[in-house]
Each structure stands twice: as structure tokens, then as C-alpha cells.
$ cat final.cif   # mmCIF, C-alpha atoms and all ligand atoms
data_query
#
loop_
_atom_site.group_PDB
_atom_site.id
_atom_site.type_symbol
_atom_site.label_atom_id
_atom_site.label_comp_id
_atom_site.auth_asym_id
_atom_site.auth_seq_id
_atom_site.Cartn_x
_atom_site.Cartn_y
_atom_site.Cartn_z
ATOM 1 C CA MET A 29 -0.028 -1.616 -15.528
ATOM 2 C CA ARG A 30 1.256 0.900 -13.018
ATOM 3 C CA THR A 31 2.200 -0.530 -9.619
ATOM 4 C CA ILE A 32 2.104 1.551 -6.455
ATOM 5 C CA SER A 33 3.336 0.330 -3.066
ATOM 6 C CA PHE A 34 2.271 2.012 0.159
ATOM 7 C CA VAL A 35 5.234 1.695 2.480
ATOM 8 C CA ASN A 36 6.408 2.894 5.869
ATOM 9 C CA ILE A 37 8.353 1.123 8.568
ATOM 10 C CA LYS A 38 6.168 2.864 11.138
ATOM 11 C CA GLY A 39 2.891 1.238 12.020
ATOM 12 C CA GLY A 40 -0.504 2.884 12.112
ATOM 13 C CA VAL A 41 0.291 5.763 9.750
ATOM 14 C CA GLY A 42 -2.521 5.068 7.276
ATOM 15 C CA LYS A 43 -0.907 2.709 4.736
ATOM 16 C CA THR A 44 -3.812 0.283 4.536
ATOM 17 C CA THR A 45 -6.579 2.889 4.738
ATOM 18 C CA THR A 46 -5.008 4.968 1.981
ATOM 19 C CA ALA A 47 -4.073 2.017 -0.224
ATOM 20 C CA MET A 48 -7.691 0.837 -0.029
ATOM 21 C CA ALA A 49 -8.997 4.329 -0.820
ATOM 22 C CA PHE A 50 -6.645 4.575 -3.819
ATOM 23 C CA ALA A 51 -7.702 1.186 -5.168
ATOM 24 C CA LEU A 52 -11.430 1.807 -4.778
ATOM 25 C CA ILE A 53 -11.347 5.372 -6.123
ATOM 26 C CA LEU A 54 -9.371 4.289 -9.182
ATOM 27 C CA ALA A 55 -11.685 1.329 -9.823
ATOM 28 C CA ARG A 56 -15.146 2.522 -8.808
ATOM 29 C CA GLU A 57 -14.950 6.232 -9.525
ATOM 30 C CA MET A 58 -12.458 6.340 -12.395
ATOM 31 C CA GLY A 59 -13.277 3.077 -14.156
ATOM 32 C CA LYS A 60 -9.750 1.679 -13.939
ATOM 33 C CA ARG A 61 -8.955 -2.027 -13.810
ATOM 34 C CA VAL A 62 -7.281 -2.541 -10.440
ATOM 35 C CA LEU A 63 -5.424 -5.449 -8.891
ATOM 36 C CA VAL A 64 -4.845 -5.186 -5.147
ATOM 37 C CA ILE A 65 -2.055 -7.153 -3.500
ATOM 38 C CA ASP A 66 -2.265 -7.607 0.238
ATOM 39 C CA ALA A 67 1.360 -8.014 1.313
ATOM 40 C CA THR A 68 0.641 -7.876 5.032
ATOM 41 C CA ILE A 69 0.446 -10.582 7.647
ATOM 42 C CA GLN A 70 -2.500 -8.820 9.327
ATOM 43 C CA HIS A 71 -4.410 -8.981 5.970
ATOM 44 C CA HIS A 72 -6.879 -6.174 6.740
ATOM 45 C CA MET A 73 -7.467 -5.472 3.061
ATOM 46 C CA THR A 74 -8.284 -9.108 2.444
ATOM 47 C CA ARG A 75 -10.888 -8.994 5.184
ATOM 48 C CA TRP A 76 -12.270 -5.633 4.064
ATOM 49 C CA LEU A 77 -12.733 -7.011 0.574
ATOM 50 C CA GLY A 78 -14.831 -9.849 1.954
ATOM 51 C CA ILE A 79 -12.332 -12.661 1.464
ATOM 52 C CA THR A 80 -12.232 -14.872 4.529
ATOM 53 C CA GLU A 81 -10.219 -17.972 5.249
ATOM 54 C CA GLN A 82 -12.235 -20.074 2.842
ATOM 55 C CA GLU A 83 -10.645 -23.341 1.879
ATOM 56 C CA PRO A 84 -8.720 -23.563 -0.263
ATOM 57 C CA LEU A 85 -7.582 -19.953 -0.137
ATOM 58 C CA VAL A 86 -4.529 -19.452 -2.310
ATOM 59 C CA THR A 87 -2.658 -16.450 -0.968
ATOM 60 C CA LEU A 88 0.365 -14.294 -1.660
ATOM 61 C CA ALA A 89 2.396 -16.650 0.534
ATOM 62 C CA ASP A 90 1.622 -19.596 -1.782
ATOM 63 C CA ILE A 91 2.441 -17.561 -4.869
ATOM 64 C CA MET A 92 5.817 -16.561 -3.458
ATOM 65 C CA LEU A 93 6.641 -20.021 -2.094
ATOM 66 C CA ARG A 94 5.519 -22.294 -4.912
ATOM 67 C CA ARG A 95 7.281 -21.677 -8.154
ATOM 68 C CA GLU A 96 4.897 -23.792 -10.229
ATOM 69 C CA LEU A 97 1.758 -22.070 -8.956
ATOM 70 C CA PRO A 98 0.320 -19.637 -11.530
ATOM 71 C CA ILE A 99 -0.795 -16.276 -10.167
ATOM 72 C CA GLU A 100 -4.312 -16.770 -11.536
ATOM 73 C CA MET A 101 -4.845 -19.336 -8.772
ATOM 74 C CA ALA A 102 -4.604 -16.569 -6.187
ATOM 75 C CA ILE A 103 -6.526 -13.777 -7.917
ATOM 76 C CA ARG A 104 -9.988 -13.281 -6.449
ATOM 77 C CA HIS A 105 -12.710 -11.161 -7.971
ATOM 78 C CA THR A 106 -14.292 -9.165 -5.165
ATOM 79 C CA ASP A 107 -17.694 -7.501 -4.818
ATOM 80 C CA TYR A 108 -16.045 -4.076 -4.810
ATOM 81 C CA GLY A 109 -14.819 -3.696 -8.378
ATOM 82 C CA VAL A 110 -11.215 -4.700 -7.718
ATOM 83 C CA ASP A 111 -9.376 -8.010 -7.954
ATOM 84 C CA LEU A 112 -7.309 -9.159 -5.005
ATOM 85 C CA ILE A 113 -4.360 -11.352 -4.248
ATOM 86 C CA PRO A 114 -5.258 -12.111 -0.640
ATOM 87 C CA SER A 115 -3.024 -12.622 2.344
ATOM 88 C CA SER A 116 -3.265 -14.551 5.581
ATOM 89 C CA PHE A 117 -1.209 -15.153 8.704
ATOM 90 C CA ALA A 118 0.674 -17.799 6.680
ATOM 91 C CA LEU A 119 2.672 -14.951 5.154
ATOM 92 C CA SER A 120 4.670 -14.749 8.377
ATOM 93 C CA SER A 121 6.247 -18.197 8.022
ATOM 94 C CA ALA A 122 6.466 -17.820 4.230
ATOM 95 C CA ASN A 123 8.647 -14.732 4.660
ATOM 96 C CA ARG A 124 11.031 -16.736 6.843
ATOM 97 C CA THR A 125 11.040 -19.800 4.590
ATOM 98 C CA ILE A 126 11.886 -17.733 1.527
ATOM 99 C CA LEU A 127 14.849 -16.148 3.311
ATOM 100 C CA ILE A 128 16.544 -19.525 3.727
ATOM 101 C CA ASP A 129 15.463 -20.938 0.365
ATOM 102 C CA ALA A 130 18.248 -20.185 -2.082
ATOM 103 C CA SER A 131 16.531 -21.846 -5.052
ATOM 104 C CA SER A 132 15.516 -18.457 -6.447
ATOM 105 C CA PRO A 133 16.281 -14.893 -5.327
ATOM 106 C CA ALA A 134 14.040 -13.871 -2.417
ATOM 107 C CA GLN A 135 12.988 -10.529 -3.876
ATOM 108 C CA PHE A 136 11.941 -11.854 -7.298
ATOM 109 C CA ARG A 137 9.219 -14.301 -6.271
ATOM 110 C CA LEU A 138 6.471 -12.086 -7.699
ATOM 111 C CA LYS A 139 8.085 -10.340 -10.630
ATOM 112 C CA MET A 140 7.464 -12.840 -13.449
ATOM 113 C CA LYS A 141 4.114 -13.912 -12.077
ATOM 114 C CA VAL A 142 2.690 -10.415 -11.824
ATOM 115 C CA ALA A 143 4.125 -9.552 -15.246
ATOM 116 C CA ALA A 144 2.015 -12.385 -16.659
ATOM 117 C CA VAL A 145 -1.223 -10.538 -15.790
ATOM 118 C CA ALA A 146 0.008 -6.964 -16.239
ATOM 119 C CA ASP A 147 -1.985 -6.374 -19.424
ATOM 120 C CA ARG A 148 -5.240 -7.157 -17.604
ATOM 121 C CA TYR A 149 -4.972 -4.217 -15.197
ATOM 122 C CA ASP A 150 -4.350 -0.479 -15.274
ATOM 123 C CA TYR A 151 -3.123 -0.306 -11.675
ATOM 124 C CA CYS A 152 -1.737 -2.631 -9.067
ATOM 125 C CA ILE A 153 -1.976 -1.348 -5.500
ATOM 126 C CA ILE A 154 0.164 -3.053 -2.859
ATOM 127 C CA ASP A 155 -0.433 -2.652 0.859
ATOM 128 C CA CYS A 156 2.779 -3.263 2.795
ATOM 129 C CA PRO A 157 3.391 -4.050 6.472
ATOM 130 C CA PRO A 158 5.260 -1.729 8.872
ATOM 131 C CA ASP A 159 8.529 -3.426 8.037
ATOM 132 C CA VAL A 160 10.916 -4.141 5.196
ATOM 133 C CA ASP A 161 10.452 -7.888 4.987
ATOM 134 C CA VAL A 162 10.577 -10.335 2.080
ATOM 135 C CA ALA A 163 7.076 -9.412 0.934
ATOM 136 C CA VAL A 164 8.043 -5.724 0.850
ATOM 137 C CA ALA A 165 11.254 -6.483 -1.072
ATOM 138 C CA ASN A 166 9.062 -8.288 -3.618
ATOM 139 C CA ALA A 167 6.657 -5.332 -3.730
ATOM 140 C CA LEU A 168 9.534 -2.904 -4.335
ATOM 141 C CA ALA A 169 10.895 -5.161 -7.075
ATOM 142 C CA ILE A 170 7.703 -4.746 -9.110
ATOM 143 C CA SER A 171 6.664 -1.195 -8.228
ATOM 144 C CA ASN A 172 6.730 1.884 -10.400
ATOM 145 C CA GLU A 173 6.089 4.125 -7.433
ATOM 146 C CA VAL A 174 6.485 4.084 -3.678
ATOM 147 C CA LEU A 175 4.155 6.317 -1.674
ATOM 148 C CA ILE A 176 4.935 6.906 1.982
ATOM 149 C CA PRO A 177 2.199 8.008 4.374
ATOM 150 C CA MET A 178 3.405 9.876 7.451
ATOM 151 C CA ASP A 179 1.312 10.592 10.509
ATOM 152 C CA CYS A 180 1.772 14.316 11.052
ATOM 153 C CA SER A 181 0.478 14.168 14.605
ATOM 154 C CA ASP A 182 3.509 12.025 15.399
ATOM 155 C CA PHE A 183 6.291 14.480 14.704
ATOM 156 C CA SER A 184 9.028 12.057 13.923
ATOM 157 C CA MET A 185 11.103 10.882 10.997
ATOM 158 C CA ASP A 186 12.106 7.679 12.787
ATOM 159 C CA GLY A 187 12.914 4.878 10.418
ATOM 160 C CA MET A 188 12.981 7.071 7.326
ATOM 161 C CA ASP A 189 16.722 6.540 6.756
ATOM 162 C CA TYR A 190 16.255 2.802 6.924
ATOM 163 C CA LEU A 191 13.310 3.009 4.541
ATOM 164 C CA PHE A 192 15.272 5.113 2.053
ATOM 165 C CA GLN A 193 18.150 2.618 2.273
ATOM 166 C CA ALA A 194 15.724 -0.175 1.396
ATOM 167 C CA MET A 195 14.334 1.865 -1.500
ATOM 168 C CA ASN A 196 17.833 2.639 -2.800
ATOM 169 C CA ALA A 197 18.741 -1.047 -2.602
ATOM 170 C CA ALA A 198 15.546 -1.921 -4.479
ATOM 171 C CA ALA A 199 16.281 0.695 -7.143
ATOM 172 C CA GLU A 200 19.428 -1.290 -8.028
ATOM 173 C CA TYR A 201 17.335 -4.267 -9.078
ATOM 174 C CA ASN A 202 14.289 -2.247 -10.195
ATOM 175 C CA PRO A 203 15.439 0.786 -12.195
ATOM 176 C CA ASP A 204 11.771 1.767 -12.805
ATOM 177 C CA LEU A 205 11.250 2.538 -9.116
ATOM 178 C CA ARG A 206 10.277 6.162 -8.404
ATOM 179 C CA PHE A 207 9.483 8.013 -5.201
ATOM 180 C CA PRO A 208 6.969 10.805 -5.879
ATOM 181 C CA GLY A 209 6.859 11.679 -2.192
ATOM 182 C CA VAL A 210 5.515 11.434 1.287
ATOM 183 C CA PHE A 211 1.916 12.353 2.020
ATOM 184 C CA LEU A 212 0.743 13.520 5.413
ATOM 185 C CA THR A 213 -2.089 11.797 7.249
ATOM 186 C CA MET A 214 -4.068 12.449 10.451
ATOM 187 C CA ASP A 215 -3.862 16.202 9.996
ATOM 188 C CA VAL A 216 -5.656 17.952 12.838
ATOM 189 C CA LYS A 217 -7.779 20.954 11.921
ATOM 190 C CA ASN A 218 -6.526 24.370 13.065
ATOM 191 C CA SER A 219 -3.162 22.963 14.065
ATOM 192 C CA THR A 220 0.277 23.621 12.640
ATOM 193 C CA LEU A 221 1.102 19.905 12.548
ATOM 194 C CA ALA A 222 1.106 19.539 8.773
ATOM 195 C CA ALA A 223 3.021 22.787 8.205
ATOM 196 C CA ASP A 224 5.646 21.798 10.801
ATOM 197 C CA MET A 225 6.023 18.363 9.278
ATOM 198 C CA ARG A 226 6.235 19.780 5.789
ATOM 199 C CA ARG A 227 9.046 22.104 6.890
ATOM 200 C CA ALA A 228 10.952 19.216 8.506
ATOM 201 C CA LEU A 229 10.640 17.159 5.316
ATOM 202 C CA GLU A 230 11.775 20.079 3.201
ATOM 203 C CA GLU A 231 14.881 20.485 5.382
ATOM 204 C CA GLU A 232 15.676 16.824 4.733
ATOM 205 C CA GLY A 233 15.032 17.258 0.995
ATOM 206 C CA VAL A 234 12.131 14.794 1.054
ATOM 207 C CA PRO A 235 9.339 15.582 -1.459
ATOM 208 C CA CYS A 236 5.832 15.882 -0.045
ATOM 209 C CA PHE A 237 2.394 15.915 -1.673
ATOM 210 C CA GLU A 238 0.368 19.133 -1.311
ATOM 211 C CA GLN A 239 -2.756 17.231 -0.331
ATOM 212 C CA THR A 240 -2.946 16.059 3.273
ATOM 213 C CA ILE A 241 -5.406 13.582 4.756
ATOM 214 C CA ARG A 242 -7.339 14.997 7.693
ATOM 215 C CA HIS A 243 -7.767 13.161 10.975
ATOM 216 C CA ALA A 244 -11.365 11.974 11.020
ATOM 217 C CA VAL A 245 -12.926 9.964 13.811
ATOM 218 C CA GLY A 246 -15.164 8.288 11.240
ATOM 219 C CA VAL A 247 -12.154 6.536 9.710
ATOM 220 C CA LYS A 248 -11.319 4.813 12.961
ATOM 221 C CA LYS A 249 -14.944 4.024 13.739
ATOM 222 C CA SER A 250 -15.504 2.196 10.485
ATOM 223 C CA THR A 251 -12.154 0.363 10.473
ATOM 224 C CA ARG A 252 -13.453 -2.823 12.068
ATOM 225 C CA THR A 253 -16.085 -3.410 9.427
ATOM 226 C CA ALA A 254 -15.211 -1.489 6.286
ATOM 227 C CA PRO A 255 -12.805 1.085 4.902
ATOM 228 C CA VAL A 256 -14.125 4.638 5.164
ATOM 229 C CA ILE A 257 -14.209 4.995 1.390
ATOM 230 C CA LEU A 258 -16.933 2.334 1.337
ATOM 231 C CA SER A 259 -18.756 3.088 4.583
ATOM 232 C CA GLN A 260 -18.858 6.896 4.247
ATOM 233 C CA PRO A 261 -17.953 7.848 0.678
ATOM 234 C CA GLN A 262 -19.473 11.336 1.187
ATOM 235 C CA ALA A 263 -17.236 12.133 4.197
ATOM 236 C CA ALA A 264 -14.849 15.055 3.799
ATOM 237 C CA VAL A 265 -11.870 12.778 4.433
ATOM 238 C CA CYS A 266 -12.812 10.791 1.321
ATOM 239 C CA ASP A 267 -12.513 13.985 -0.701
ATOM 240 C CA ASP A 268 -8.963 14.254 0.688
ATOM 241 C CA TYR A 269 -8.264 10.784 -0.706
ATOM 242 C CA ARG A 270 -9.816 11.742 -4.055
ATOM 243 C CA SER A 271 -7.630 14.868 -4.257
ATOM 244 C CA LEU A 272 -4.564 12.834 -3.327
ATOM 245 C CA VAL A 273 -5.285 10.338 -6.128
ATOM 246 C CA LYS A 274 -5.702 13.258 -8.532
ATOM 247 C CA GLU A 275 -2.434 14.816 -7.419
ATOM 248 C CA TYR A 276 -0.678 11.461 -7.741
ATOM 249 C CA LEU A 277 -1.972 11.076 -11.304
ATOM 250 C CA GLU A 278 -0.621 14.528 -12.179
ATOM 251 C CA VAL A 279 2.725 13.969 -10.453
ATOM 252 C CA LYS A 280 3.358 10.518 -11.946
ATOM 253 C CA ASN A 281 2.981 11.895 -15.454
ATOM 254 C CA GLY A 282 5.952 14.137 -14.775
ATOM 255 C CA LEU A 283 8.166 11.391 -13.329
HETATM 256 N N1 LIG A 301 -7.336 9.935 8.411
HETATM 257 C C1 LIG A 301 -7.523 9.223 9.520
HETATM 258 N N2 LIG A 301 -8.164 9.742 10.585
HETATM 259 C C2 LIG A 301 -8.337 9.027 11.717
HETATM 260 N N3 LIG A 301 -7.940 7.755 11.885
HETATM 261 C C3 LIG A 301 -7.278 7.190 10.857
HETATM 262 C C4 LIG A 301 -7.039 7.881 9.619
HETATM 263 N N4 LIG A 301 -6.369 7.037 8.781
HETATM 264 C C5 LIG A 301 -6.213 5.882 9.454
HETATM 265 N N5 LIG A 301 -6.751 5.962 10.693
HETATM 266 C C6 LIG A 301 -6.801 4.934 11.735
HETATM 267 O O1 LIG A 301 -5.482 4.698 12.193
HETATM 268 C C7 LIG A 301 -5.273 3.322 12.380
HETATM 269 C C8 LIG A 301 -4.131 2.888 11.477
HETATM 270 O O2 LIG A 301 -4.517 3.052 10.111
HETATM 271 P P1 LIG A 301 -4.020 2.019 9.018
HETATM 272 O O3 LIG A 301 -4.377 0.637 9.441
HETATM 273 O O4 LIG A 301 -4.473 2.488 7.702
HETATM 274 O O5 LIG A 301 -2.453 2.242 9.173
HETATM 275 P P2 LIG A 301 -1.272 1.293 8.694
HETATM 276 O O6 LIG A 301 -0.114 2.185 8.436
HETATM 277 O O7 LIG A 301 -1.732 0.427 7.587
HETATM 278 O O8 LIG A 301 -1.028 0.395 10.001
HETATM 279 P P3 LIG A 301 -0.106 -0.916 10.086
HETATM 280 O O9 LIG A 301 1.299 -0.416 10.066
HETATM 281 O O10 LIG A 301 -0.487 -1.519 11.415
HETATM 282 O O11 LIG A 301 -0.421 -1.776 8.919
HETATM 283 C C9 LIG A 301 -6.594 2.612 12.056
HETATM 284 O O12 LIG A 301 -7.308 2.424 13.262
HETATM 285 C C10 LIG A 301 -7.294 3.611 11.169
HETATM 286 O O13 LIG A 301 -8.689 3.526 11.283
HETATM 287 MG MG MG A 302 -1.679 -1.661 7.444
#
$ encode --input "final.cif" --output "C-alpha cells"
Amino acid sequence: MRTISFVNIKGGVGKTTTAMAFALILAREMGKRVLVIDATIQHHMTRWLGITEQEPLVTLADIMLRRELPIEMAIRHTDYGVDLIPSSFALSSANRTILIDASSPAQFRLKMKVAAVADRYDYCIIDCPPDVDVAVANALAISNEVLIPMDCSDFSMDGMDYLFQAMNAAAEYNPDLRFPGVFLTMDVKNSTLAADMRRALEEEGVPCFEQTIRHAVGVKKSTRTAPVILSQPQAAVCDDYRSLVKEYLEVKNGL
């Protein structure tokens, strides 16, 4: 199983939208077995995949908090060809509880549990919050790759140093961790935004994917009800996601 975390300390850059597109393209269009982990308090992916606060809903928070709880208890089969470890608002207090619970290291709450189901999946896709919290530390501890979306209409590298520090710290306890690069989102047609951003990244020595994700009003419109990859699979922006997945698959082979 190959595990990819979508990470950025900045909010609203396209982490969840892209993570969902990756998961659904790999599963529905490429026939891969995909496990999605929703590591966010907002739990948009969980809602998009049709999992609501049914009782009893075993979530990522329970899996991280309760040592005896097997991961199978949290895995939900969805109607969309992927399995999901759902999240809920309970993740917020779980993150805090784990920080003060010294009974086992905070960043290794998922490692053994996810390893137990690794042979059942080809890919594990983790959607992270705009933060480096306990859930993200756990995601980094089990990831092969970190992908960072950057909004190229917001010309700023704010928070990148902090993010790289977190990734370097994680690499000490997860030597498999690789960073194939940043990818640019919200690219506006006929603008120099992506080129300018690409140049700024190059100056900082930060690798960047060739494929950018265009800004498309349709993405925002569908967000409330469904990810664009489900609501408008024929949209041009979905071809951007498909090309990005393809580029990722090529790049990761060379890592
Ligand atoms: N390519 C795009 N074109 C236009 N709007 C987009 C695009 N990608 C994402 N959006 C919109 O931008 C907003 C943020 O996207 P998304 O939720 O994927 O970002 P995020 O990084 O996961 O945010 P958060 O940090 O809050 O979790 C959403 O309203 C989404 O619909
Ligand atoms: Mg998100």
C-alpha cells in the first residue's frame, strides 16, 4: 500500500478537493483498491462519501484514542468505490487528549493499526487539516509521500518553512517519507500566476509538478453537495486532476 498525505498549513488551497479527486480517480478509473482517511475536524470527505453521524460511528478519533480498538471497526465501505476511515468534530478533543496522554507516543497511534490492513489496499489517501496537529503527525508517520497543494492566486509561501520543519521532523521517525513536490491549484486562465509561482518555488529549491489545476467555478458550486470529480467528471478541471495523478504515478516510480 502506498500512502499519500495532502498537507498544507494554509487553508482553502485545495487539499480536500484534490485528495478526493485522487482517491476516486485511482479507484473508479484505474481499478485500484483505495482507503481514504479523513484526518480533518471539518470531515468534508466523510460527508461527501455519504457517511453521516450515524450511531455508532467509529471514527479516526476513536482509533487513535483507544488502543484496543481494531481499525476494522472504523473502516466503512462507501458507495463510491473507496473505503473510508471517517472523521467527526470529535477529532478536535481527541487531538488534545492524545497530547497529554503519555501512554503511547502521540504520532504513532495509527501506524500499527493501518499496517494491519495494508495488504488490502493499493493506496491510502489522507486528507489533512490546515495545521500540523496530532492527526497530521500520525498521517506523516505512515505516509510514503506528502503532496502540497498551493493556491497560485495567493502569491505567498507563508507557512512553508514551518511545514518543511514538520516534514523534516517526521522524516526522522518515518524514513520512507518522500516529498515529490508542490502542485499549483486555482490557476487562472491567461494569467501569469502559475509561472510566477513556479519561479518563486524554483528560487527556493522547492520541486513543483508540471500539471496545474485550473480555477473552475464549477468546483466551488458543487462543493456543498459533492466533489467535482463526481458531480462533473467530464469538466476540464477533472482532466487536470487525471493528469496530476498520472504525473504523480510517473514521479513516484523515480523516488
Ligand atoms: N480548482 C478549483 N477551482 C475553484 N475553486 C476551487 C478549486 N479547488 C478548490 N476550490 C474551492 O476552494 C475551496 C477550498 O477547497 P478545499 O476545501 O479543497 O481546500 P482545503 O485546502 O481542503 O481547505 P481547508 O484547509 O479548509 O481544509 C472550496 O470552496 C473549493 O470548492
Ligand atoms: Mg480541507
$ residues_around --input "final.cif" --residues "range 121-126 of chain A" --least-positions-apart "3" --cutoff "9 Å" --atoms "only C-alpha atoms" --output "list of chain:residue names"
A:Ala89, A:Asp90, A:Met92, A:Leu93, A:Phe117, A:Ala118, A:Asp129, A:Ala130, A:Ser132, A:Pro133, A:Ala134, A:Arg137, A:Asp161, A:Val162, A:Ala163
$ resolve_selection --input "final.cif" --expression "the PyMOL selection byres (((chain A and resi 31) around 8) and not hetatm)" --output "count of residues only"
12
$ residues_near_ligand --input "final.cif" --ligand "ligand MG 302 (chain A)" --cutoff "7 Å" --atoms "all atoms listed in the file" --output "compact mmCIF listing (two decimals) with C-alpha atoms, keeping the file's coordinate frame"
# COMPACT_ATOMS: atom_id res chain seq x y z
CA GLY A 40 -0.50 2.88 12.11
CA GLY A 42 -2.52 5.07 7.28
CA LYS A 43 -0.91 2.71 4.74
CA THR A 44 -3.81 0.28 4.54
CA HIS A 72 -6.88 -6.17 6.74
CA ASP A 155 -0.43 -2.65 0.86
CA CYS A 156 2.78 -3.26 2.80
CA PRO A 157 3.39 -4.05 6.47
$ closest_atom_pairs --input "final.cif" --of "chain A" --to "ligand LIG 301 (chain A)" --cutoff "6 Å" --atoms "all atoms listed in the file" --output "CSV"
residue,atom,partner,partner_atom,distance
A:Lys38,CA,A:LIG301,O9,6.0
A:Gly39,CA,A:LIG301,O9,3.0
A:Gly40,CA,A:LIG301,O8,3.3
A:Val41,CA,A:LIG301,O6,3.8
A:Gly42,CA,A:LIG301,O4,3.3
A:Lys43,CA,A:LIG301,O7,3.7
A:Thr44,CA,A:LIG301,O7,3.7
A:Thr45,CA,A:LIG301,O4,3.7
A:Pro157,CA,A:LIG301,O11,5.1
A:Pro158,CA,A:LIG301,O9,4.3
A:Thr213,CA,A:LIG301,N1,5.7
A:Met214,CA,A:LIG301,N1,4.6
A:Ile241,CA,A:LIG301,N1,5.5
A:Arg242,CA,A:LIG301,N1,5.1
A:His243,CA,A:LIG301,N2,3.5
A:Ala244,CA,A:LIG301,N2,3.9
A:Val245,CA,A:LIG301,C2,5.1
A:Val247,CA,A:LIG301,O13,4.9
A:Lys248,CA,A:LIG301,O13,3.4
A:Thr251,CA,A:LIG301,O13,4.8
$ atom_distance --input "final.cif" --atom1 "CA of Val234 in chain A" --atom2 "CA of Ile176 in chain A"
10.7 Å
$ resolve_selection --input "final.cif" --expression "the PyMOL selection byres (((chain A and resi 255-260) around 9) and not hetatm)" --output "ChimeraX atom specification"
/A:45,48-49,52-53,73,76,108,246-254,261-263,265-266,269
$ residues_around --input "final.cif" --residues "Val279 in chain A" --least-positions-apart "4" --cutoff "10 Å" --atoms "all atoms listed in the file" --output "ChimeraX atom specification"
/A:208-209,237,273-275,283
$ write_last_selection --input "final.cif" --atoms "C-alpha atoms" --output "tab-separated table (two decimals), in the coordinates of the input"
chain	number	residue	atom	x	y	z
A	208	PRO	CA	6.97	10.80	-5.88
A	209	GLY	CA	6.86	11.68	-2.19
A	237	PHE	CA	2.39	15.92	-1.67
A	273	VAL	CA	-5.28	10.34	-6.13
A	274	LYS	CA	-5.70	13.26	-8.53
A	275	GLU	CA	-2.43	14.82	-7.42
A	283	LEU	CA	8.17	11.39	-13.33
